[in-house]
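**Q** This structure is in structure tokens; I'll ask about it shortly.
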Amino acid sequence: MLQATTHATTPANSQRHLAETHVVENQPPPLRDYNVYAQDAALVEAVAREGAAWAAPQLQAFGVLTGSREVIELGFQANDNKPALYTHDNYGHRIDEVRFHPAYHRLMQISMEHGLHASHWRKPGPGAHVARAAMSYLQGQVDAAHGCPVTMTSAVVPALLEQPELAAQWLPKITALQYDHRNIPMEQKSAITVGMAMTEKQGGSDVRANTLRATALGAEGPGQMYELVGHKYFVSAPMSDAFLVLAQAPGGLSCFWLPRWRADGSKNPLQIQRLKNKMGNVANASCETELRGAAAHMVGGEGRGVATILKMVTMTRFDCMVGSSSGMRQAVAQALHHCAHRSAFGKLLSEQPLMQNVLADLVIESEAALAMTMRIARALDIGGASEHEKMLVRVGTAVGKYWICKRTPAHAYEAMECIGGSGVMEDCIMPRLFRESPVNSIWEGSGNVQCLDMLRAMGRNPGSVDAYMDEVQAAAGTDRRLDQYVARLGAELIDPSAIEYRARGVVEKMALALQGSLLVRFGNPAVADAFCASRLAEHSSGLTFGNLPRGVDCAAIIARATPRV
């Protein structure tokens, strides 16, 4: 009897033992519940350096919020649940409504209530743009997609000021620290968001090929009401309450303020055909739209549409710099965190020389992007008070938008490779960062457009090149490699031969020279030295990450940038 009992219990014990096949070990803890601001030394330094030290307490609190598991999870939920288009209600009425997951609305609420769209307009002054850029940089690491309508709502302000009566009516609602996503007339809302509609099928960057027609409903000219008929092939954030639109008026391409609803409460015939099926930026909606007699006010002079809307586009291009810098930081933070906890071949990945070369190189790229971005933020704060700063914005935005956004895809991929197979899995943020990485380079003017814009600035405003060179040469005599690089660049800038053909190379060199100058003057010494050695030295190799020359203090660079959880 005793023997039978033993035989009966042994299989059960055996099965219970087999259910526990292994212990999970050698895996990093999740990167969450940490202060994203406090753990980013380069950001803390840049905020203080560029005039926004007063915002440190606010940024500390926002760093805790954006590093919390609850807010990080909102980013995943918003991207796992794409927006959906409802063209009609169940009674057959046309509604053109885009519906979002609650996580998206919560992210929008956080951004709007913290003033990512308006704090710099509500209280302009020293450090206002810097503080706002820092907050956007933190929030972008949670989710980049919802930043699109936040950016456009911010960026519309300079363009709308071209039409004072419209600005007086709508700026209080544009800059309100609230979020109201209801699809109702603007007059019934305390806060609104703004989108943009420029692109048509036959012309992407070439907006002068637009065919959308604008016909005056009465008197013609700025501030007057027009009827718009035609199509837009790419409308950003179609759930916005109003849009800046380019259309052909009798006097040429002009800019218009187009509400989703008419003042009488009827729906403006801005009809969404379909949502774009995008590779990245999926939590945000973009669409194709037909305008069937939509009512809109002209903004700025007739035939001055490009000049007017560029006041908005300049700001959105700057935010592309912020967004790509943010993506770089999140990517390298994930890679650093993983390698600080993962062992292979007997020691931590972060202690292995070849991995140190790669990680340090990723940190250098991220810190260089941030330094340039925050310097342009300070130039925006100073603005019209200094011709140098005004010109630096003009040049630095084109150069920075080109180079920082262009470097982000390679950076995201390399960070993903540091993590290995787990970095390709949709359970982590890396695939999303990789899909987002090309977006800012393509939107708001692709790389070629930025280079041509740079050439246009050089031709029309010779002082812009002088302002740029003055900024770069502020570091003269500090680092021999930088001095030699700037001298070679100067020779290229005064050589007019085949300048359009060479434009990418020239703009790249301008970006590296400015980044080098900023890092040498203000950056961490180890980062600055490694930047000059790897990017500016005559025989440097910048084709892939992980090619830092001997003598770089990789361990110090890695330790400085690794988040601690």
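Note on naming: chains are A, B, ... as they come in the structure tokens, residues start from 1 per chain, ligands start from 1 in the order shown.
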Report as an mmCIF file with C-alpha atoms, in the first residue's frame all protein, DNA and RNA residues lying within 10 Å of Ile95 of chain A, evaluated on only C-alpha atoms, omitting residues in the same chain fewer than 2 positions from it.
**A**
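Listing of out34.cif after writing:
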data_model
loop_
_atom_site.group_PDB
_atom_site.id
_atom_site.type_symbol
_atom_site.label_atom_id
_atom_site.label_comp_id
_atom_site.auth_asym_id
_atom_site.auth_seq_id
_atom_site.Cartn_x
_atom_site.Cartn_y
_atom_site.Cartn_z
ATOM 1 C CA LEU A 85 -12.317 57.553 -39.770
ATOM 2 C CA TYR A 86 -16.093 57.893 -39.529
ATOM 3 C CA THR A 87 -17.350 59.828 -42.546
ATOM 4 C CA HIS A 88 -21.056 59.606 -41.590
ATOM 5 C CA ASP A 89 -23.107 59.053 -38.464
ATOM 6 C CA GLY A 92 -26.413 59.328 -42.767
ATOM 7 C CA HIS A 93 -25.185 62.812 -41.860
ATOM 8 C CA GLU A 97 -14.791 62.521 -37.656
ATOM 9 C CA VAL A 98 -11.518 60.875 -36.692
ATOM 10 C CA ASN A 183 -16.068 67.825 -33.060
ATOM 11 C CA LYS A 267 -20.335 71.774 -41.212
ATOM 12 C CA ASN A 268 -17.763 73.249 -43.579
ATOM 13 C CA PRO A 269 -17.467 70.909 -46.599
ATOM 14 C CA LEU A 270 -13.952 69.736 -45.824
ATOM 15 C CA GLN A 271 -14.571 66.075 -46.613
ATOM 16 C CA ILE A 272 -12.087 63.374 -45.612
#
**Q** Nearest to Ala133 of chain A: which of A:Thr373, A:Thr314, A:Ser386, A:Ser205 is it, counting only C-alpha atoms?
**A**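 Selected residue with least distance to Ala133 of chain A: A:Thr373.
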**Q** So that I can check the surroundings of Val486 of chain A, please list as a count of residues only every protein, DNA and RNA residue that reaches within 10 Å of it, counting only C-alpha atoms and ignoring chain neighbours fewer than 3 positions away.
**A** 20
**Q** Counting only C-alpha atoms, what is within 10 Å of Arg550 of chain A, bar same-chain residues fewer than 3 positions away, as a ChimeraX atom specification?
**A** /A:357,530,533-534,547,553-554
**Q** Convert the current residue selection to file output with C-alpha atoms, as a compact mmCIF listing (two decimals), in the first residue's frame.
**A**
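Below is the file result08.txt, written as the result:
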# COMPACT_ATOMS: atom_id res chain seq x y z
CA ASN A 357 32.87 52.43 -29.01
CA ALA A 530 35.47 62.70 -29.23
CA ALA A 533 38.27 63.47 -33.35
CA SER A 534 35.54 61.43 -35.04
CA ASN A 547 34.38 54.10 -35.48
CA ASP A 553 37.18 58.35 -23.03
CA CYS A 554 34.25 56.09 -23.89
**Q** Counting only C-alpha atoms, what is within 10 Å of Ile309 of chain A, bar same-chain residues fewer than 2 positions away, as a PyMOL selection string?
**A** chain A and resi 155-156+158-160+162+196+198+244-246+254-256+299-300+304-307+311-314
**Q** Which value, in Å to one decimal, gives the distance between atom CA of Ser437 of chain A and atom CA of Thr193 of chain A?
**A**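 The value is 24.6 Å.
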**Q** Quick one, how far is atom CA of Val520 of chain A from atom CA of Ala467 of chain A?
**A**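 These two atoms are separated by 18.5 Å.
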**Q** Just want the 8 Å neighbourhood of segment 378-384 of chain A, counted on only C-alpha atoms, with same-chain residues fewer than 5 positions away dropped. Output as a list in words.
**A**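 The residues that qualify are Glu50, Gly51, Pro124, Gly125, Pro126, Gly127, Ala128, His129, Val130, Glu389, Lys390, Leu392 and Val393 of chain A.
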**Q** Run DSSP on the backbone and grab whatever in segment 114-222 of chain A lands in strand (DSSP E or B); send it over as a ChimeraX atom specification.
**A** /A:194-200,203,213-216
**Q** Need to verify the contact set: Ala249 of chain A, 7 Å, only C-alpha atoms, exclusion of same-chain residues closer than 3 positions in sequence. Can you return it as a count of residues only?
**A** 6
**Q** Which one is closest to Gly323 of chain A: A:Gly67, A:Gly551, A:Gly195, A:Pro438? Count only C-alpha atoms.
**A**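 Looking at the shortest contact to Gly323 of chain A, the residue is A:Pro438.
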